[in-house]
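S.K.: I'm passing along start-v5.cif; it holds mmCIF, C-alpha atoms.
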```cif
data_final
loop_
_atom_site.group_PDB
_atom_site.id
_atom_site.type_symbol
_atom_site.label_atom_id
_atom_site.label_comp_id
_atom_site.auth_asym_id
_atom_site.auth_seq_id
_atom_site.Cartn_x
_atom_site.Cartn_y
_atom_site.Cartn_z
ATOM 1 C CA MET A 1 0.000 0.000 0.000
ATOM 2 C CA THR A 2 1.195 3.515 -0.806
ATOM 3 C CA THR A 3 -0.387 6.603 0.717
ATOM 4 C CA SER A 4 0.544 10.244 0.443
ATOM 5 C CA LEU A 5 2.682 10.468 3.562
ATOM 6 C CA VAL A 6 3.402 6.856 4.537
ATOM 7 C CA ASN A 7 4.501 3.926 2.378
ATOM 8 C CA THR A 8 4.126 0.300 3.465
ATOM 9 C CA ARG A 9 5.460 -2.951 2.052
ATOM 10 C CA ARG A 10 4.970 -6.463 3.332
ATOM 11 C CA GLU A 11 7.926 -8.861 3.105
ATOM 12 C CA GLY A 12 7.189 -12.276 4.558
ATOM 13 C CA THR A 13 6.119 -11.837 8.164
ATOM 14 C CA ALA A 14 7.492 -8.280 8.445
ATOM 15 C CA LEU A 15 5.795 -4.995 7.570
ATOM 16 C CA LEU A 16 8.003 -2.134 6.390
ATOM 17 C CA VAL A 17 6.539 1.294 7.201
ATOM 18 C CA GLU A 18 8.294 4.267 5.603
ATOM 19 C CA LEU A 19 7.587 7.873 6.544
ATOM 20 C CA ASN A 20 7.224 9.612 3.208
ATOM 21 C CA ASN A 21 7.668 13.376 3.382
ATOM 22 C CA PRO A 22 11.292 13.492 2.196
ATOM 23 C CA ASP A 23 11.296 17.129 1.045
ATOM 24 C CA ARG A 24 10.821 18.132 4.690
ATOM 25 C CA LEU A 25 12.944 15.334 6.186
ATOM 26 C CA ASN A 26 9.733 13.432 6.952
ATOM 27 C CA ALA A 27 8.372 16.135 9.247
ATOM 28 C CA PHE A 28 4.998 15.099 10.593
ATOM 29 C CA GLY A 29 1.593 16.635 11.121
ATOM 30 C CA ALA A 30 -2.022 15.589 11.617
ATOM 31 C CA ALA A 31 -2.349 13.984 8.172
ATOM 32 C CA MET A 32 0.648 11.700 8.709
ATOM 33 C CA PHE A 33 -0.592 10.829 12.198
ATOM 34 C CA ASP A 34 -3.974 9.770 10.824
ATOM 35 C CA GLU A 35 -2.350 7.531 8.222
ATOM 36 C CA LEU A 36 -0.091 5.917 10.797
ATOM 37 C CA GLU A 37 -2.964 5.202 13.173
ATOM 38 C CA GLN A 38 -4.863 3.440 10.379
ATOM 39 C CA ILE A 39 -1.785 1.355 9.503
ATOM 40 C CA TRP A 40 -1.374 0.237 13.125
ATOM 41 C CA LYS A 41 -5.053 -0.773 13.312
ATOM 42 C CA GLU A 42 -4.679 -2.918 10.198
ATOM 43 C CA ALA A 43 -1.404 -4.397 11.443
ATOM 44 C CA ALA A 44 -2.955 -5.325 14.792
ATOM 45 C CA SER A 45 -5.539 -7.497 13.024
ATOM 46 C CA ASP A 46 -2.957 -9.423 10.948
ATOM 47 C CA PRO A 47 -2.378 -12.838 12.597
ATOM 48 C CA ASN A 48 0.661 -13.589 10.430
ATOM 49 C CA LEU A 49 2.582 -10.409 11.239
ATOM 50 C CA ARG A 50 5.673 -10.927 13.405
ATOM 51 C CA ALA A 51 7.495 -7.569 13.286
ATOM 52 C CA ILE A 52 7.189 -3.989 12.077
ATOM 53 C CA ILE A 53 10.134 -2.042 10.632
ATOM 54 C CA LEU A 54 9.818 1.745 10.742
ATOM 55 C CA THR A 55 12.147 3.986 8.714
ATOM 56 C CA GLY A 56 12.155 7.207 6.680
ATOM 57 C CA ALA A 57 12.257 8.011 2.973
ATOM 58 C CA GLY A 58 15.138 10.012 1.525
ATOM 59 C CA ARG A 59 18.032 11.356 3.564
ATOM 60 C CA GLY A 60 16.117 11.951 6.780
ATOM 61 C CA PHE A 61 14.375 9.713 9.282
ATOM 62 C CA CYS A 62 12.029 12.246 10.915
ATOM 63 C CA SER A 63 12.611 15.908 11.719
ATOM 64 C CA GLY A 64 9.670 16.085 14.121
ATOM 65 C CA ALA A 65 6.876 18.629 13.841
ATOM 66 C CA ASP A 66 6.862 20.784 10.728
ATOM 67 C CA VAL A 67 8.361 24.010 12.123
ATOM 68 C CA GLY A 68 7.956 25.770 8.784
ATOM 69 C CA GLY A 69 4.319 24.754 8.628
ATOM 70 C CA THR A 70 1.950 24.717 11.589
ATOM 71 C CA LEU A 71 4.291 24.928 14.580
ATOM 72 C CA GLY A 72 4.038 28.307 16.258
ATOM 73 C CA ARG A 73 0.537 28.913 14.908
ATOM 74 C CA GLU A 74 -2.716 27.892 16.539
ATOM 75 C CA ARG A 75 -2.452 24.245 17.559
ATOM 76 C CA THR A 76 -5.053 21.730 18.558
ATOM 77 C CA PRO A 77 -3.772 18.915 20.781
ATOM 78 C CA ARG A 78 -4.855 15.406 19.858
ATOM 79 C CA GLY A 79 -6.240 15.130 23.356
ATOM 80 C CA PRO A 80 -5.600 16.152 26.964
ATOM 81 C CA SER A 81 -3.798 12.903 27.816
ATOM 82 C CA VAL A 82 -0.299 12.019 26.690
ATOM 83 C CA ASP A 83 -1.685 8.719 25.379
ATOM 84 C CA GLU A 84 -3.944 10.598 22.971
ATOM 85 C CA GLU A 85 -1.107 12.888 21.917
ATOM 86 C CA LEU A 86 1.120 9.888 21.129
ATOM 87 C CA SER A 87 -1.570 7.725 19.533
ATOM 88 C CA PHE A 88 0.328 7.811 16.218
ATOM 89 C CA LEU A 89 3.050 5.550 17.671
ATOM 90 C CA PRO A 90 2.766 1.811 17.005
ATOM 91 C CA GLY A 91 3.932 0.391 20.327
ATOM 92 C CA ASP A 92 0.641 0.310 22.223
ATOM 93 C CA HIS A 93 -1.437 -0.621 19.156
ATOM 94 C CA VAL A 94 0.334 -3.817 18.109
ATOM 95 C CA ALA A 95 1.514 -6.966 19.860
ATOM 96 C CA VAL A 96 4.611 -7.538 17.705
ATOM 97 C CA PRO A 97 8.053 -5.949 18.148
ATOM 98 C CA VAL A 98 8.736 -2.653 16.390
ATOM 99 C CA ILE A 99 12.208 -2.241 14.856
ATOM 100 C CA VAL A 100 13.093 1.409 14.275
ATOM 101 C CA ALA A 101 15.726 1.861 11.548
ATOM 102 C CA VAL A 102 17.032 5.435 11.726
ATOM 103 C CA ASN A 103 18.396 6.253 8.277
ATOM 104 C CA GLY A 104 19.199 9.959 8.684
ATOM 105 C CA VAL A 105 18.477 12.955 10.888
ATOM 106 C CA CYS A 106 16.140 12.248 13.806
ATOM 107 C CA ALA A 107 15.082 15.468 15.494
ATOM 108 C CA GLY A 108 12.607 16.622 18.112
ATOM 109 C CA GLY A 109 9.385 14.681 17.811
ATOM 110 C CA GLY A 110 11.174 12.105 15.691
ATOM 111 C CA LEU A 111 12.626 10.889 18.990
ATOM 112 C CA HIS A 112 9.129 9.649 19.891
ATOM 113 C CA PHE A 113 9.622 6.806 17.417
ATOM 114 C CA VAL A 114 12.988 5.964 18.967
ATOM 115 C CA ALA A 115 11.519 5.927 22.473
ATOM 116 C CA ASP A 116 8.597 3.790 21.328
ATOM 117 C CA GLY A 117 10.723 1.268 19.396
ATOM 118 C CA ASP A 118 11.478 -2.156 20.840
ATOM 119 C CA ILE A 119 14.752 -2.400 18.902
ATOM 120 C CA VAL A 120 16.436 0.727 17.502
ATOM 121 C CA ILE A 121 19.269 0.560 14.980
ATOM 122 C CA ALA A 122 20.876 3.357 13.014
ATOM 123 C CA SER A 123 22.804 4.045 9.868
ATOM 124 C CA GLU A 124 26.267 5.600 10.136
ATOM 125 C CA SER A 125 24.698 8.639 8.449
ATOM 126 C CA ALA A 126 22.084 9.066 11.188
ATOM 127 C CA SER A 127 22.169 11.908 13.697
ATOM 128 C CA PHE A 128 20.030 12.848 16.681
ATOM 129 C CA LEU A 129 19.064 16.176 18.225
ATOM 130 C CA ASP A 130 16.248 17.791 20.183
ATOM 131 C CA PRO A 131 15.788 21.381 18.929
ATOM 132 C CA HIS A 132 12.625 22.234 20.899
ATOM 133 C CA VAL A 133 14.174 24.975 23.053
ATOM 134 C CA SER A 134 15.801 26.531 19.968
ATOM 135 C CA VAL A 135 12.345 27.307 18.582
ATOM 136 C CA GLY A 136 10.737 28.330 21.873
ATOM 137 C CA GLN A 137 9.108 24.987 22.718
ATOM 138 C CA VAL A 138 9.298 22.755 25.785
ATOM 139 C CA THR A 139 10.754 19.294 25.294
ATOM 140 C CA GLY A 140 8.440 17.715 27.818
ATOM 141 C CA ILE A 141 7.839 14.161 26.617
ATOM 142 C CA GLU A 142 10.794 12.926 24.561
ATOM 143 C CA PRO A 143 13.504 13.077 27.266
ATOM 144 C CA VAL A 144 11.261 11.412 29.836
ATOM 145 C CA SER A 145 10.249 8.625 27.464
ATOM 146 C CA LEU A 146 13.921 7.917 26.724
ATOM 147 C CA SER A 147 15.037 7.928 30.348
ATOM 148 C CA LEU A 148 15.025 4.147 30.823
ATOM 149 C CA ARG A 149 17.668 3.714 28.128
ATOM 150 C CA VAL A 150 19.683 6.961 28.356
ATOM 151 C CA ALA A 151 21.150 8.476 31.528
ATOM 152 C CA THR A 152 19.775 11.818 32.691
ATOM 153 C CA PRO A 153 22.986 13.850 32.072
ATOM 154 C CA HIS A 154 22.924 12.872 28.379
ATOM 155 C CA LEU A 155 19.229 13.717 28.108
ATOM 156 C CA MET A 156 19.782 17.045 29.866
ATOM 157 C CA ARG A 157 22.483 17.923 27.370
ATOM 158 C CA LEU A 158 20.165 17.146 24.446
ATOM 159 C CA ALA A 159 17.313 19.102 26.055
ATOM 160 C CA VAL A 160 19.115 22.342 26.925
ATOM 161 C CA LEU A 161 21.544 22.588 23.992
ATOM 162 C CA GLY A 162 18.787 22.390 21.406
ATOM 163 C CA ARG A 163 20.146 22.521 17.866
ATOM 164 C CA SER A 164 23.708 22.561 19.194
ATOM 165 C CA GLY A 165 23.315 19.188 20.913
ATOM 166 C CA ARG A 166 23.437 16.994 17.807
ATOM 167 C CA LEU A 167 24.730 13.443 18.334
ATOM 168 C CA SER A 168 26.309 11.261 15.671
ATOM 169 C CA ALA A 169 25.194 7.663 15.258
ATOM 170 C CA GLN A 170 28.262 6.451 17.132
ATOM 171 C CA GLN A 171 27.636 8.887 19.995
ATOM 172 C CA ALA A 172 24.033 7.686 20.134
ATOM 173 C CA LEU A 173 25.301 4.101 20.349
ATOM 174 C CA ALA A 174 27.708 4.993 23.149
ATOM 175 C CA ILE A 175 24.956 6.435 25.375
ATOM 176 C CA GLY A 176 22.407 3.694 24.627
ATOM 177 C CA LEU A 177 20.048 5.697 22.434
ATOM 178 C CA VAL A 178 20.431 3.000 19.744
ATOM 179 C CA SER A 179 21.619 -0.594 20.070
ATOM 180 C CA GLU A 180 23.460 -1.031 16.777
ATOM 181 C CA VAL A 181 25.023 1.064 13.993
ATOM 182 C CA VAL A 182 25.513 -0.252 10.440
ATOM 183 C CA GLU A 183 26.620 1.042 7.067
ATOM 184 C CA PRO A 184 23.895 3.076 5.289
ATOM 185 C CA GLY A 185 23.421 0.497 2.541
ATOM 186 C CA GLU A 186 22.968 -2.279 5.085
ATOM 187 C CA LEU A 187 20.352 -0.672 7.328
ATOM 188 C CA LEU A 188 17.176 -2.228 5.944
ATOM 189 C CA ALA A 189 18.838 -5.585 5.327
ATOM 190 C CA ARG A 190 19.873 -5.661 8.975
ATOM 191 C CA ALA A 191 16.376 -4.649 10.095
ATOM 192 C CA PHE A 192 14.806 -7.457 8.067
ATOM 193 C CA ALA A 193 17.378 -9.904 9.430
ATOM 194 C CA LEU A 194 16.336 -8.949 12.970
ATOM 195 C CA ALA A 195 12.685 -9.372 11.956
ATOM 196 C CA GLU A 196 13.448 -12.882 10.689
ATOM 197 C CA GLN A 197 15.161 -13.762 13.959
ATOM 198 C CA ILE A 198 12.099 -12.554 15.869
ATOM 199 C CA ALA A 199 9.802 -14.591 13.592
ATOM 200 C CA ALA A 200 11.739 -17.777 14.404
ATOM 201 C CA ASN A 201 10.611 -17.566 18.020
ATOM 202 C CA SER A 202 7.274 -18.405 19.622
ATOM 203 C CA PRO A 203 4.856 -15.584 18.661
ATOM 204 C CA ALA A 204 2.944 -15.998 21.916
ATOM 205 C CA ALA A 205 6.096 -15.921 24.030
ATOM 206 C CA VAL A 206 7.472 -12.889 22.174
ATOM 207 C CA ALA A 207 4.204 -10.985 22.598
ATOM 208 C CA ALA A 208 3.960 -11.793 26.300
ATOM 209 C CA SER A 209 7.604 -10.955 26.997
ATOM 210 C CA ARG A 210 7.294 -7.672 25.109
ATOM 211 C CA ALA A 211 4.090 -6.775 26.973
ATOM 212 C CA ILE A 212 5.708 -7.339 30.371
ATOM 213 C CA LEU A 213 8.617 -5.026 29.586
ATOM 214 C CA ARG A 214 6.392 -2.336 28.097
ATOM 215 C CA GLN A 215 4.079 -2.442 31.115
ATOM 216 C CA HIS A 216 7.113 -2.101 33.366
ATOM 217 C CA ALA A 217 8.251 0.978 31.441
ATOM 218 C CA ARG A 218 4.786 2.504 31.492
ATOM 219 C CA ARG A 219 4.479 2.165 35.261
ATOM 220 C CA GLN A 220 7.716 4.076 35.718
ATOM 221 C CA LEU A 221 7.264 6.781 33.085
ATOM 222 C CA HIS A 222 3.614 7.496 32.388
ATOM 223 C CA GLU A 223 2.945 10.035 35.146
ATOM 224 C CA ALA A 224 6.081 12.031 34.283
ATOM 225 C CA MET A 225 5.202 11.927 30.585
ATOM 226 C CA GLN A 226 1.755 13.335 31.374
ATOM 227 C CA ASP A 227 3.400 16.112 33.397
ATOM 228 C CA GLY A 228 5.629 16.801 30.404
ATOM 229 C CA TRP A 229 2.691 16.980 28.017
ATOM 230 C CA ASN A 230 0.969 19.456 30.361
ATOM 231 C CA ALA A 231 4.137 21.599 30.358
ATOM 232 C CA VAL A 232 4.292 21.514 26.552
ATOM 233 C CA GLN A 233 0.745 22.860 26.324
ATOM 234 C CA ARG A 234 1.408 25.571 28.900
ATOM 235 C CA GLN A 235 4.385 26.766 26.872
ATOM 236 C CA TRP A 236 2.124 27.221 23.851
ATOM 237 C CA ARG A 237 0.692 30.254 25.673
ATOM 238 C CA HIS A 238 4.148 31.825 26.084
ATOM 239 C CA PRO A 239 5.281 34.401 23.472
ATOM 240 C CA ASP A 240 8.483 32.454 22.788
ATOM 241 C CA SER A 241 6.390 29.582 21.475
ATOM 242 C CA THR A 242 5.247 31.796 18.588
ATOM 243 C CA GLU A 243 8.455 33.780 18.177
ATOM 244 C CA GLY A 244 10.695 30.714 17.775
ATOM 245 C CA PRO A 245 8.939 29.219 14.722
ATOM 246 C CA ALA A 246 8.438 32.686 13.205
ATOM 247 C CA ALA A 247 12.169 33.387 13.437
ATOM 248 C CA PHE A 248 12.888 29.963 11.924
ATOM 249 C CA ARG A 249 10.619 30.637 8.952
ATOM 250 C CA GLN A 250 12.074 34.140 8.463
ATOM 251 C CA LYS A 251 15.657 32.895 8.871
ATOM 252 C CA ARG A 252 16.546 35.372 11.600
ATOM 253 C CA ALA A 253 17.660 35.237 15.220
ATOM 254 C CA PRO A 254 14.717 34.949 17.642
ATOM 255 C CA GLU A 255 13.935 37.723 20.115
ATOM 256 C CA TRP A 256 13.132 35.883 23.308
ATOM 257 C CA VAL A 257 11.081 37.277 26.177
ATOM 258 C CA VAL A 258 13.377 37.854 29.164
ATOM 259 C CA ASP A 259 11.528 36.723 32.250
ATOM 260 C CA ARG A 260 12.455 34.981 35.454
ATOM 261 C CA PRO A 261 10.363 31.808 35.772
ATOM 262 C CA GLU A 262 9.825 30.334 39.197
ATOM 263 C CA PRO A 263 11.634 27.011 39.731
ATOM 264 C CA GLU A 264 9.444 23.936 39.584
ATOM 265 C CA PRO A 265 8.543 22.633 43.064
ATOM 266 C CA VAL A 266 10.435 19.550 44.207
ATOM 267 C CA GLU A 267 8.342 16.770 45.679
ATOM 268 C CA GLY A 268 9.362 15.401 49.050
ATOM 269 C CA PRO A 269 9.110 16.191 52.751
ATOM 270 C CA ALA A 270 8.828 19.845 53.605
ATOM 271 C CA ARG A 271 12.102 21.415 54.689
ATOM 272 C CA GLN A 272 12.005 22.620 58.287
ATOM 273 C CA PRO A 273 13.040 26.245 58.789
ATOM 274 C CA ASN A 274 16.309 26.917 60.549
ATOM 275 C CA ARG A 275 15.745 27.870 64.144
ATOM 276 C CA VAL A 276 17.992 30.108 66.194
ATOM 277 C CA THR A 277 18.144 29.165 69.861
#
```
Represent the structure of the file as C-alpha cells.

M.R.:
Amino acid sequence: MTTSLVNTRREGTALLVELNNPDRLNAFGAAMFDELEQIWKEAASDPNLRAIILTGAGRGFCSGADVGGTLGRERTPRGPSVDEELSFLPGDHVAVPVIVAVNGVCAGGGLHFVADGDIVIASESASFLDPHVSVGQVTGIEPVSLSLRVATPHLMRLAVLGRSGRLSAQQALAIGLVSEVVEPGELLARAFALAEQIAANSPAAVAASRAILRQHARRQLHEAMQDGWNAVQRQWRHPDSTEGPAAFRQKRAPEWVVDRPEPEPVEGPARQPNRVT
C-alpha cells in the first residue's frame, strides 16, 4: 500500500513502514498521524505479522513537527492525555516488536519513534538532536520517554543545547540511544534480518515478553510523561512559542522574552526552617 505520507510494504512476516515526506525530512503533522494510526489498526488485526520495521524516505528519518508549517501557529492537541497525543506511535497498538531503523536525521518529535521502538538501529549517516528549546518549545515528553535507556545527564544535554546538541550515530550508540550502527546500505537488510530472527521464536512468548517489559516501562514513566505533556501545552501560551517558529521561517535570530520563571517545586518532605536558639 502507498499513501501520500506513509509507504508500506509487506515482506514475509514483516511490515516495512516508511515515513514519506522526504522534502521536509519526513516532518509530521495531523495527516501523517492519521495515516499511521490506520496502519497500526490494520497491522494489529494481521495474525501472520511478526514484526514492524519503521524507517524514513530520503536522507532523513524524521525531523519532528513541521516548524515551517503549523508549529508556532494555533495548535489543537490530539487530546488532553499524553496517550492521545502519542496515539500515532505503534507500540501500544500492536503486539509484535517494532524495529526502528534510523536512516538519517532524527530530530525533536522524531525521537518519539525511537523511544517507542522495541529495537532501535541506526545508519552511520544518522544523527540525533532535540531542537525544541531553539524554537521556543518545551521538550516535555521525549527526554522522559527515553530515560530508561539513556542516563539523565545525556538527556539534559540534548534538552538544553537544542540545535547545538546533535549526536552522531556512534555517539548515540555509546549512550544507549540506539543498540546497533551499520553502514547506510545495510540498514534495511539488517532490520529485516532482525525481523526474521524474531519470527523464528514463539509468537505468543514474544508478545507476552514484550508486553511485560512495556508495562514495566509505562508504570515508571507514564505520570512524568503526562506532566511533560501538560508543560508543553502551557508553553504554547508563552510568546516564545510563537516567536521561535516565526524566526525559523524568516531565517533570523529569535527575540526571546526575558523573564524569570519560578523554579518547579520539588516533591518530598517539607524542609524545616532553621531555628535560632

S.K.: I'd like to know which of A:Ile121, A:Ala205, A:Ala231, A:Val82 is closest to A:Ala193, using only C-alpha atoms.

M.R.: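 Looking at the shortest contact to A:Ala193, the residue is A:Ile121.
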
S.K.: Mind checking which residues fall within 12 Å of A:Leu194, counting all atoms listed in the file, ignoring those fewer than 5 positions away in the same chain, and posting them as number ranges by chain?

M.R.: A: 13-14, 50-53, 97-101, 118-121, 180, 187-189, 199-201

S.K.: Using atom CA of A:Ile141 and atom CA of A:Gln233 as the two end points, give the distance in Å to one decimal.

M.R.: 11.2 Å

S.K.: Under the PyMOL selection byres ((chain A and resi 223) around 12), which residues of this model are included? Write them out as a PDB file with C-alpha atoms, in the frame of the given file.

M.R.:
```
ATOM      1  CA  SER A  81      -3.798  12.903  27.816  1.00  0.00           C
ATOM      2  CA  VAL A  82      -0.299  12.019  26.690  1.00  0.00           C
ATOM      3  CA  ASP A  83      -1.685   8.719  25.379  1.00  0.00           C
ATOM      4  CA  GLY A 140       8.440  17.715  27.818  1.00  0.00           C
ATOM      5  CA  ILE A 141       7.839  14.161  26.617  1.00  0.00           C
ATOM      6  CA  VAL A 144      11.261  11.412  29.836  1.00  0.00           C
ATOM      7  CA  SER A 145      10.249   8.625  27.464  1.00  0.00           C
ATOM      8  CA  ALA A 217       8.251   0.978  31.441  1.00  0.00           C
ATOM      9  CA  ARG A 218       4.786   2.504  31.492  1.00  0.00           C
ATOM     10  CA  ARG A 219       4.479   2.165  35.261  1.00  0.00           C
ATOM     11  CA  GLN A 220       7.716   4.076  35.718  1.00  0.00           C
ATOM     12  CA  LEU A 221       7.264   6.781  33.085  1.00  0.00           C
ATOM     13  CA  HIS A 222       3.614   7.496  32.388  1.00  0.00           C
ATOM     14  CA  ALA A 224       6.081  12.031  34.283  1.00  0.00           C
ATOM     15  CA  MET A 225       5.202  11.927  30.585  1.00  0.00           C
ATOM     16  CA  GLN A 226       1.755  13.335  31.374  1.00  0.00           C
ATOM     17  CA  ASP A 227       3.400  16.112  33.397  1.00  0.00           C
ATOM     18  CA  GLY A 228       5.629  16.801  30.404  1.00  0.00           C
ATOM     19  CA  TRP A 229       2.691  16.980  28.017  1.00  0.00           C
ATOM     20  CA  ASN A 230       0.969  19.456  30.361  1.00  0.00           C
TER      21      ASN A 230
END
```

S.K.: Report the distance between atom CA of A:Glu85 and atom CA of A:Ala57 in Å, rounded to one decimal place.

M.R.: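 Interatomic distance here is 23.7 Å.
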
S.K.: Atom CA of A:Val114 and atom CA of A:Phe88, how far apart in Å?

M.R.: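 Here the two named atoms are 13.1 Å from each other.
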
S.K.: Which one is closest to A:Val94: A:Gly136, A:Thr55, A:Ala208, A:His154? Count all atoms listed in the file.

M.R.: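 Of A:Gly136, A:Thr55, A:Ala208, A:His154, the one nearest A:Val94, counting all atoms listed in the file, is A:Ala208.
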
S.K.: Given the PyMOL selection byres ((chain A and resi 34) around 12) and the file above, list the residues it selects as a VMD selection string.

M.R.: chain A and resid 3 to 6 28 to 33 35 to 41 78 85 to 89

S.K.: Run through the PyMOL selection byres ((chain A and resi 110) around 9) on the given coordinates and return the selected residues as a list in words.

M.R.: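 When the PyMOL selection byres ((chain A and resi 110) around 9) is applied, the selected residues are Asn26, Ala27, Phe28, Phe61, Cys62, Ser63, Gly64, Ala65, Val105, Cys106, Ala107, Gly108, Gly109, Leu111, His112, Phe113, Val114, Phe128, Asp130 and Glu142 of chain A.
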
S.K.: Give the answer as one residue: which of A:Ala211, A:Leu49, A:Val160, A:Ala169 has the shortest atom-to-atom distance to A:Pro143, using only C-alpha atoms?

M.R.: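 With only C-alpha atoms as the atom set, the closest residue is A:Val160.
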
S.K.: Pull the neighbourhood of (24.8, 7.1, 15.7) for me: all residues within 12 Å in file coordinates, counting all atoms listed in the file, as a PyMOL selection string.

M.R.: chain A and resi 101-106+120-129+166-184

S.K.: At a cut-off of 10 Å, using all atoms listed in the file, what residues contact A:Gln137? Leave out same-chain residues fewer than 2 positions from it and give the result as a ChimeraX atom specification.

M.R.: /A:71-72,131-135,139-140,231-236,238,240-245

S.K.: Store the residues of this selection in a file with C-alpha atoms, as a short mmCIF file (atom, residue, chain, number, x, y, z; two decimals), in the coordinates of the input.

M.R.:
```cif
data_model
loop_
_atom_site.label_atom_id
_atom_site.label_comp_id
_atom_site.auth_asym_id
_atom_site.auth_seq_id
_atom_site.Cartn_x
_atom_site.Cartn_y
_atom_site.Cartn_z
CA LEU A 71 4.29 24.93 14.58
CA GLY A 72 4.04 28.31 16.26
CA PRO A 131 15.79 21.38 18.93
CA HIS A 132 12.62 22.23 20.90
CA VAL A 133 14.17 24.98 23.05
CA SER A 134 15.80 26.53 19.97
CA VAL A 135 12.34 27.31 18.58
CA THR A 139 10.75 19.29 25.29
CA GLY A 140 8.44 17.72 27.82
CA ALA A 231 4.14 21.60 30.36
CA VAL A 232 4.29 21.51 26.55
CA GLN A 233 0.74 22.86 26.32
CA ARG A 234 1.41 25.57 28.90
CA GLN A 235 4.38 26.77 26.87
CA TRP A 236 2.12 27.22 23.85
CA HIS A 238 4.15 31.82 26.08
CA ASP A 240 8.48 32.45 22.79
CA SER A 241 6.39 29.58 21.48
CA THR A 242 5.25 31.80 18.59
CA GLU A 243 8.46 33.78 18.18
CA GLY A 244 10.70 30.71 17.77
CA PRO A 245 8.94 29.22 14.72
#
```
